[in-house]
$ cat target19.cif   # mmCIF, C-alpha atoms
data_structure
loop_
_atom_site.label_atom_id
_atom_site.label_comp_id
_atom_site.auth_asym_id
_atom_site.auth_seq_id
_atom_site.Cartn_x
_atom_site.Cartn_y
_atom_site.Cartn_z
CA MET A 1 -41.35 -29.43 15.03
CA ALA A 2 -44.33 -27.64 16.58
CA PHE A 3 -46.00 -27.49 13.18
CA TYR A 4 -45.76 -31.21 12.61
CA GLN A 5 -47.01 -31.93 16.12
CA ARG A 6 -50.02 -29.73 15.47
CA ALA A 7 -50.63 -31.45 12.14
CA SER A 8 -50.49 -34.88 13.74
CA LYS A 9 -52.95 -33.84 16.45
CA LEU A 10 -55.40 -32.47 13.87
CA ALA A 11 -55.13 -35.58 11.73
CA LEU A 12 -55.67 -37.87 14.71
CA THR A 13 -58.64 -35.76 15.85
CA HIS A 14 -60.36 -36.03 12.49
CA ALA A 15 -59.51 -39.72 12.22
CA GLY A 16 -60.90 -40.31 15.69
CA GLY A 17 -64.07 -38.49 14.74
CA ALA A 18 -64.47 -40.59 11.61
CA ALA A 19 -63.87 -43.79 13.58
CA ALA A 20 -66.46 -42.78 16.17
CA ALA A 21 -68.98 -42.03 13.44
CA ALA A 22 -68.34 -45.40 11.82
CA SER A 23 -68.68 -47.23 15.15
CA THR A 24 -71.91 -45.44 15.89
CA SER A 25 -73.32 -46.42 12.52
CA ILE A 26 -72.36 -50.03 13.12
CA LEU A 27 -73.95 -50.08 16.55
CA LEU A 28 -77.10 -48.38 15.39
CA GLY A 29 -77.84 -49.97 12.11
CA GLY A 30 -75.09 -52.39 11.17
CA ARG A 31 -75.00 -50.82 7.72
CA CYS A 32 -71.20 -50.79 7.45
CA THR A 33 -68.83 -53.66 7.78
CA SER A 34 -65.50 -53.38 9.58
CA SER A 35 -63.57 -53.20 6.31
CA THR A 36 -65.70 -50.44 4.88
CA ALA A 37 -65.43 -48.55 8.14
CA ASN A 38 -61.66 -48.79 8.02
CA GLN A 39 -61.63 -47.53 4.45
CA LYS A 40 -63.74 -44.53 5.37
CA VAL A 41 -61.58 -43.80 8.38
CA ASN A 42 -58.38 -43.93 6.29
CA GLN A 43 -59.92 -41.81 3.52
CA VAL A 44 -61.07 -39.07 5.87
CA ALA A 45 -57.79 -39.08 7.82
CA GLY A 46 -55.73 -38.86 4.62
CA GLN A 47 -57.75 -35.93 3.31
CA GLN A 48 -57.44 -34.02 6.56
CA LEU A 49 -53.70 -34.68 6.85
CA SER A 50 -53.05 -33.57 3.24
CA ALA A 51 -54.96 -30.34 3.81
CA VAL A 52 -52.96 -29.55 6.93
CA ILE A 53 -49.61 -30.24 5.22
CA ARG A 54 -50.52 -28.06 2.22
CA LYS A 55 -51.44 -25.23 4.53
CA GLY A 56 -48.17 -25.58 6.43
CA ALA A 57 -46.04 -25.59 3.25
CA PHE A 58 -47.70 -22.37 2.06
CA THR A 59 -46.99 -20.79 5.45
CA ARG A 60 -43.31 -21.76 5.23
CA ARG A 61 -42.96 -20.30 1.71
CA LYS A 62 -44.59 -17.08 2.82
CA PHE A 63 -42.31 -16.80 5.85
CA SER A 64 -39.13 -17.54 3.90
CA SER A 65 -40.00 -14.88 1.32
CA THR A 66 -40.02 -12.23 4.06
CA ILE A 67 -36.45 -13.01 5.27
CA PRO A 68 -34.00 -10.20 4.32
CA LYS A 69 -31.31 -11.12 1.82
CA GLU A 70 -28.64 -10.01 4.26
CA VAL A 71 -29.84 -12.61 6.77
CA GLU A 72 -29.86 -15.29 4.08
CA GLY A 73 -26.32 -14.29 3.13
CA VAL A 74 -25.13 -14.60 6.71
CA ALA A 75 -26.83 -17.97 7.02
CA SER A 76 -25.17 -19.24 3.85
CA GLY A 77 -21.77 -17.80 4.76
CA LYS A 78 -21.44 -15.81 1.51
CA THR A 79 -21.45 -12.24 2.86
CA SER A 80 -18.28 -10.12 2.98
CA SER A 81 -17.42 -6.87 4.68
CA ALA A 82 -17.50 -4.01 2.18
CA LYS A 83 -15.58 -1.79 4.57
CA ASP A 84 -12.71 -4.26 4.91
CA SER A 85 -12.52 -4.83 1.16
CA SER A 86 -12.39 -1.10 0.44
CA SER A 87 -9.69 -0.48 3.05
CA LYS A 88 -7.58 -3.32 1.70
CA GLY A 89 -8.28 -2.57 -1.95
CA PHE A 90 -5.30 -0.32 -2.63
CA VAL A 91 -2.91 -2.47 -0.60
CA ALA A 92 -3.99 -5.63 -2.42
CA TRP A 93 -3.78 -3.84 -5.77
CA TYR A 94 -0.27 -2.55 -5.06
CA GLU A 95 0.88 -5.91 -3.70
CA GLY A 96 -0.35 -7.60 -6.86
CA HIS A 97 1.64 -5.26 -9.08
CA LEU A 98 4.66 -5.50 -6.78
CA ASN A 99 4.65 -9.29 -7.11
CA SER A 100 4.00 -9.41 -10.86
CA ARG A 101 6.09 -6.40 -11.99
CA PRO A 102 8.41 -5.41 -9.10
CA VAL A 103 10.88 -3.24 -11.03
CA THR A 104 8.22 -1.31 -12.96
CA THR A 105 6.12 -0.78 -9.84
CA LYS A 106 9.07 0.48 -7.84
CA ALA A 107 10.22 2.69 -10.71
CA ILE A 108 6.83 4.39 -10.94
CA THR A 109 6.69 4.76 -7.16
CA GLY A 110 10.21 6.19 -7.15
CA SER A 111 9.46 8.72 -9.86
CA ILE A 112 6.40 10.00 -7.98
CA LEU A 113 8.17 10.30 -4.63
CA TRP A 114 11.32 11.88 -6.09
CA GLY A 115 9.10 14.44 -7.79
CA VAL A 116 7.28 15.14 -4.55
CA GLY A 117 10.60 15.56 -2.76
CA ASP A 118 11.82 18.12 -5.29
CA LEU A 119 8.51 19.96 -5.08
CA VAL A 120 8.89 20.20 -1.31
CA ALA A 121 12.49 21.41 -1.71
CA GLN A 122 11.40 24.22 -4.03
CA VAL A 123 8.28 25.38 -2.20
CA VAL A 124 9.11 25.07 1.49
CA PRO A 125 12.20 27.37 1.53
CA THR A 126 10.09 30.26 0.23
CA PHE A 127 8.25 30.36 3.55
CA PHE A 128 11.49 31.09 5.44
CA GLU A 129 13.11 33.71 3.22
CA ASP A 130 11.75 36.65 5.23
CA ASP A 131 13.03 35.14 8.49
CA THR A 132 16.55 34.54 7.18
CA ASN A 133 16.98 37.91 5.48
CA GLY A 134 14.86 40.20 7.65
CA ASP A 135 17.61 41.09 10.13
CA ALA A 136 20.15 42.24 7.53
CA GLY A 137 18.59 45.66 6.91
CA ASP A 138 15.65 47.18 5.19
CA GLU A 139 17.14 46.89 1.72
CA LEU A 140 17.88 43.18 2.09
CA SER A 141 14.49 42.60 3.65
CA SER A 142 12.70 44.30 0.76
CA ALA A 143 14.81 42.37 -1.70
CA ALA A 144 13.83 39.11 0.01
CA VAL A 145 10.16 40.02 -0.24
CA ALA A 146 10.58 40.83 -3.93
CA THR A 147 12.35 37.51 -4.49
CA LYS A 148 9.58 35.68 -2.73
CA LYS A 149 6.95 37.38 -4.86
CA GLU A 150 8.90 36.59 -8.02
CA PHE A 151 9.21 32.90 -7.19
CA GLN A 152 8.50 30.66 -10.15
CA TYR A 153 8.29 26.92 -9.89
CA ASP A 154 11.09 25.17 -11.82
CA PHE A 155 9.28 22.39 -13.69
CA PRO A 156 12.36 21.17 -15.63
CA ARG A 157 14.15 20.68 -12.31
CA THR A 158 11.32 18.49 -11.01
CA ALA A 159 11.28 16.63 -14.31
CA ARG A 160 14.96 15.78 -13.86
CA ALA A 161 14.27 14.45 -10.37
CA VAL A 162 11.37 12.34 -11.69
CA ILE A 163 13.52 10.89 -14.48
CA PHE A 164 16.29 10.06 -12.03
CA GLY A 165 13.88 8.32 -9.65
CA PHE A 166 12.21 6.34 -12.43
CA ALA A 167 15.06 5.33 -14.72
CA ILE A 168 18.08 5.20 -12.40
CA HIS A 169 17.51 5.14 -8.66
CA ALA A 170 14.56 2.75 -8.24
CA PRO A 171 15.76 -0.02 -10.63
CA LEU A 172 19.29 0.03 -9.24
CA SER A 173 17.97 0.10 -5.66
CA HIS A 174 15.88 -2.98 -6.41
CA VAL A 175 19.06 -4.80 -7.44
CA HIS A 176 20.93 -3.40 -4.44
CA PHE A 177 18.47 -4.67 -1.82
CA ASN A 178 18.31 -8.12 -3.36
CA PHE A 179 22.11 -8.23 -3.52
CA LEU A 180 22.31 -7.29 0.17
CA GLU A 181 19.92 -10.10 1.03
CA TRP A 182 21.97 -12.56 -1.02
CA MET A 183 25.17 -11.57 0.79
CA THR A 184 23.42 -11.87 4.15
CA VAL A 185 22.20 -15.39 3.40
CA ARG A 186 25.58 -16.47 2.07
CA GLY A 187 27.31 -15.03 5.11
CA GLY A 188 24.98 -16.86 7.51
CA PHE A 189 24.13 -13.77 9.53
CA GLN A 190 21.27 -14.06 12.02
CA GLY A 191 19.44 -11.90 14.53
CA LEU A 192 20.72 -8.39 15.07
CA LYS A 193 23.77 -9.11 12.93
CA ILE A 194 21.58 -8.87 9.82
CA PRO A 195 20.66 -5.14 10.06
CA VAL A 196 24.15 -4.24 11.27
CA PHE A 197 25.82 -6.06 8.37
CA LYS A 198 23.46 -4.60 5.77
CA THR A 199 23.80 -1.07 7.12
CA VAL A 200 27.59 -1.22 7.18
CA MET A 201 27.73 -2.59 3.64
CA GLU A 202 25.26 -0.03 2.35
CA GLN A 203 26.50 3.09 4.09
CA PHE A 204 30.26 2.58 4.26
CA VAL A 205 31.35 -0.01 1.70
CA TYR A 206 29.72 0.70 -1.64
CA TRP A 207 26.12 1.84 -2.01
CA SER A 208 26.05 5.30 -0.47
CA TRP A 209 29.21 6.37 -2.31
CA PHE A 210 27.88 5.03 -5.58
CA SER A 211 24.31 6.37 -5.27
CA ASN A 212 25.33 9.87 -4.19
CA SER A 213 27.95 10.14 -6.92
CA LEU A 214 25.38 8.90 -9.40
CA TYR A 215 22.85 11.48 -8.24
CA HIS A 216 25.16 14.47 -8.65
CA GLY A 217 26.57 13.14 -11.91
CA ALA A 218 23.15 12.39 -13.41
CA MET A 219 21.82 15.81 -12.45
CA GLY A 220 24.85 17.43 -14.04
CA ALA A 221 24.43 15.38 -17.21
CA MET A 222 20.76 16.38 -17.51
CA GLN A 223 21.85 20.00 -17.12
CA GLY A 224 24.19 19.62 -20.07
CA MET A 225 27.51 19.44 -18.22
CA ASN A 226 30.49 17.71 -19.74
CA MET A 227 32.47 14.96 -18.02
CA THR A 228 34.95 17.37 -16.43
CA GLN A 229 32.18 19.53 -14.99
CA MET A 230 30.33 16.50 -13.63
CA TYR A 231 33.51 15.17 -12.03
CA ASP A 232 34.25 18.51 -10.40
CA ARG A 233 30.71 18.75 -9.07
CA VAL A 234 30.84 15.28 -7.56
CA ALA A 235 34.25 15.95 -6.01
CA ASP A 236 33.06 19.21 -4.47
CA VAL A 237 29.91 17.92 -2.78
CA LEU A 238 30.35 14.16 -2.27
CA TRP A 239 31.94 14.22 1.18
CA ASP A 240 29.40 16.65 2.60
CA THR A 241 26.62 14.53 1.13
CA GLN A 242 28.10 11.40 2.71
CA VAL A 243 28.27 12.96 6.16
CA ALA A 244 24.67 14.12 5.88
CA GLN A 245 23.60 10.68 4.63
CA TRP A 246 25.21 8.84 7.53
CA SER A 247 23.44 10.99 10.10
CA PHE A 248 20.11 10.67 8.31
CA TRP A 249 20.01 7.13 6.92
CA ILE A 250 21.87 4.91 9.39
CA PRO A 251 19.12 4.93 12.08
CA ILE A 252 16.41 4.52 9.44
CA GLN A 253 18.11 1.63 7.70
CA LEU A 254 18.86 -0.23 10.93
CA LEU A 255 15.12 -0.29 11.62
CA ASN A 256 14.28 -0.98 7.99
CA PHE A 257 16.58 -3.99 7.70
CA GLN A 258 15.40 -5.38 11.04
CA PHE A 259 11.62 -5.17 10.74
CA VAL A 260 10.66 -4.80 7.05
CA PRO A 261 10.59 -7.66 4.49
CA VAL A 262 13.09 -7.39 1.64
CA ARG A 263 10.48 -6.69 -1.03
CA HIS A 264 9.20 -3.67 0.94
CA GLN A 265 12.54 -2.23 2.06
CA LEU A 266 12.86 -0.06 -1.04
CA ASN A 267 9.34 1.28 -0.45
CA VAL A 268 10.38 2.42 3.02
CA VAL A 269 13.42 4.13 1.50
CA LEU A 270 11.29 5.76 -1.20
CA LEU A 271 8.81 7.12 1.33
CA THR A 272 11.58 8.42 3.56
CA SER A 273 13.34 9.79 0.49
CA VAL A 274 10.69 12.48 0.22
CA VAL A 275 12.51 14.22 3.07
CA TRP A 276 15.96 13.18 1.85
CA THR A 277 15.27 14.33 -1.71
CA ALA A 278 14.02 17.64 -0.38
CA LEU A 279 17.26 18.06 1.52
CA LEU A 280 19.40 17.11 -1.48
CA SER A 281 17.46 19.38 -3.80
CA ALA A 282 17.72 22.26 -1.32
CA TRP A 283 21.43 21.78 -0.67
CA TYR A 284 22.45 20.92 -4.24
CA PRO A 285 19.69 22.09 -6.62
CA PRO A 286 19.59 20.11 -9.89
CA GLY A 287 18.99 23.35 -11.83
CA ASP A 288 21.25 25.73 -9.96
CA LYS A 289 22.72 28.04 -12.63
CA GLU A 290 25.25 29.51 -10.22
CA ALA A 291 26.75 26.07 -9.70
CA GLU A 292 27.10 25.69 -13.44
CA GLU A 293 28.91 29.03 -13.71
CA ASP A 294 31.25 28.10 -10.88
CA ASP A 295 32.06 24.81 -12.55
CA LYS A 296 32.77 26.53 -15.85
CA SER A 297 35.10 29.01 -14.12
CA LYS A 298 37.19 26.13 -12.78
CA GLU A 299 38.17 24.95 -16.25
#

$ encode --input "target19.cif" --output "structure tokens"
Amino acid sequence: MAFYQRASKLALTHAGGAAAAASTSILLGGRCTSSTANQKVNQVAGQQLSAVIRKGAFTRRKFSSTIPKEVEGVASGKTSSAKDSSSKGFVAWYEGHLNSRPVTTKAITGSILWGVGDLVAQVVPTFFEDDTNGDAGDELSSAAVATKKEFQYDFPRTARAVIFGFAIHAPLSHVHFNFLEWMTVRGGFQGLKIPVFKTVMEQFVYWSWFSNSLYHGAMGAMQGMNMTQMYDRVADVLWDTQVAQWSFWIPIQLLNFQFVPVRHQLNVVLLTSVVWTALLSAWYPPGDKEAEEDDKSKE
């Protein structure tokens, strides 16, 4: 606005000067008529105004070329926060796969976390062997140290846990959580009744019994046990596993069913299963040769 005001003032100044010159010539010599004077005034004013406008347009182009691109982006509303996009990149990527391929995504997630749980179960107990055996005498203490030094990671055992998490646990758990939601909707449960109903159904009615039996049976099958050996193994350890599961999973699942959407409930279980898998692997190792020998002796 200031630019155009200045341009108008300059144009009027030059036009006024031309008009004064024309009037002076008329008064002095009468050489110009009123029409010719007007033409000269308009010509001079137009030339001056055009020159001022051209100069102003060049100034605007020069100024706009010096504006940073970031400022132009903010003005146009096209900028985005790189920090926010990077922080949400993995979440958006995982959500996309979870929506398009839920079973495959959960199976891969389950295999990774079951493998991590078995790794923890194998490695962590080695740090406590000296403490548990150190008070039993020098011979036992030295034997514990030798055992700790001779520790070798059991890769086939972890492979069995990964296979179980990928091919068995995660796909069946996906069906289980959707089935629980279906029963809850059909039953018309609302409010706090929803997590209570789901927890009771899962822990006491069918799922915990089935999943724990399936775990011990599948581990036995991958170890080469026959049906009798697998049955004996499940019968020996199932009740103890159930008691441990109730104390560990009931509080977690009450919170999970109350606050987490259905499509993410298995992810909460899989993350928490790192600890649970470590406990299962430590209590009932998938590759425990002594357990196999005990089972064979029962035949």

$ closest_residue --input "target19.cif" --among "A:Ala159, A:Ala218, A:Leu98, A:Leu119" --to "Ala278 (chain A)" --atoms "only C-alpha atoms"
A:Leu119

$ resolve_selection --input "target19.cif" --expression "the PyMOL selection byres ((chain A and resi 154) around 10)" --output "list in words"
Asp118, Leu119, Gln122, Phe151, Gln152, Tyr153, Phe155, Pro156, Arg157, Thr158, Ala159 and Gly287 of chain A

$ resolve_selection --input "target19.cif" --expression "the PyMOL selection byres ((chain A and resi 196) around 10)" --output "PyMOL selection string"
chain A and resi 189+191-195+197-202+250+253-255+257-258

$ residues_around --input "target19.cif" --residues "Val120 (chain A)" --least-positions-apart "6" --cutoff "9 Å" --atoms "all atoms listed in the file" --output "list in words"
Val274, Val275, Thr277, Ala278 and Ser281 of chain A

$ atom_distance --input "target19.cif" --atom1 "CA of Ile252 (chain A)" --atom2 "CA of Val123 (chain A)"
25.2 Å

$ atom_distance --input "target19.cif" --atom1 "CA of Thr126 (chain A)" --atom2 "CA of Ala161 (chain A)"
19.5 Å

$ residues_around --input "target19.cif" --residues "region 205-216 of chain A" --least-positions-apart "6" --cutoff "8 Å" --atoms "only C-alpha atoms" --output "list in words"
Phe164, His169, His176, Met230, Arg233, Val234, Leu238, Thr241, Gln242 and Gln245 of chain A

$ write_last_selection --input "target19.cif" --atoms "C-alpha atoms" --output "mmCIF file, in the coordinates of the input"
data_model
loop_
_atom_site.group_PDB
_atom_site.id
_atom_site.type_symbol
_atom_site.label_atom_id
_atom_site.label_comp_id
_atom_site.auth_asym_id
_atom_site.auth_seq_id
_atom_site.Cartn_x
_atom_site.Cartn_y
_atom_site.Cartn_z
ATOM 1 C CA PHE A 164 16.290 10.060 -12.030
ATOM 2 C CA HIS A 169 17.510 5.140 -8.660
ATOM 3 C CA HIS A 176 20.930 -3.400 -4.440
ATOM 4 C CA MET A 230 30.330 16.500 -13.630
ATOM 5 C CA ARG A 233 30.710 18.750 -9.070
ATOM 6 C CA VAL A 234 30.840 15.280 -7.560
ATOM 7 C CA LEU A 238 30.350 14.160 -2.270
ATOM 8 C CA THR A 241 26.620 14.530 1.130
ATOM 9 C CA GLN A 242 28.100 11.400 2.710
ATOM 10 C CA GLN A 245 23.600 10.680 4.630
#

$ closest_residue --input "target19.cif" --among "A:Pro171, A:Gly89, A:Gly165, A:Gly220" --to "Val103 (chain A)" --atoms "all atoms listed in the file"
A:Pro171

$ closest_residue --input "target19.cif" --among "A:Thr228, A:Ala282, A:Val243, A:Ser273" --to "Ile112 (chain A)" --atoms "all atoms listed in the file"
A:Ser273

$ atom_distance --input "target19.cif" --atom1 "CA of Ser111 (chain A)" --atom2 "CA of Ile163 (chain A)"
6.5 Å

$ closest_residue --input "target19.cif" --among "A:Asn226, A:Val175, A:Ala244, A:Phe127" --to "Pro102 (chain A)" --atoms "all atoms listed in the file"
A:Val175

$ residues_around --input "target19.cif" --residues "Val262 (chain A)" --least-positions-apart "6" --cutoff "9 Å" --atoms "only C-alpha atoms" --output "PyMOL selection string"
chain A and resi 177-178+181

$ closest_residue --input "target19.cif" --among "A:Arg101, A:Ala167, A:Phe90, A:Phe259" --to "Trp114 (chain A)" --atoms "only C-alpha atoms"
A:Ala167
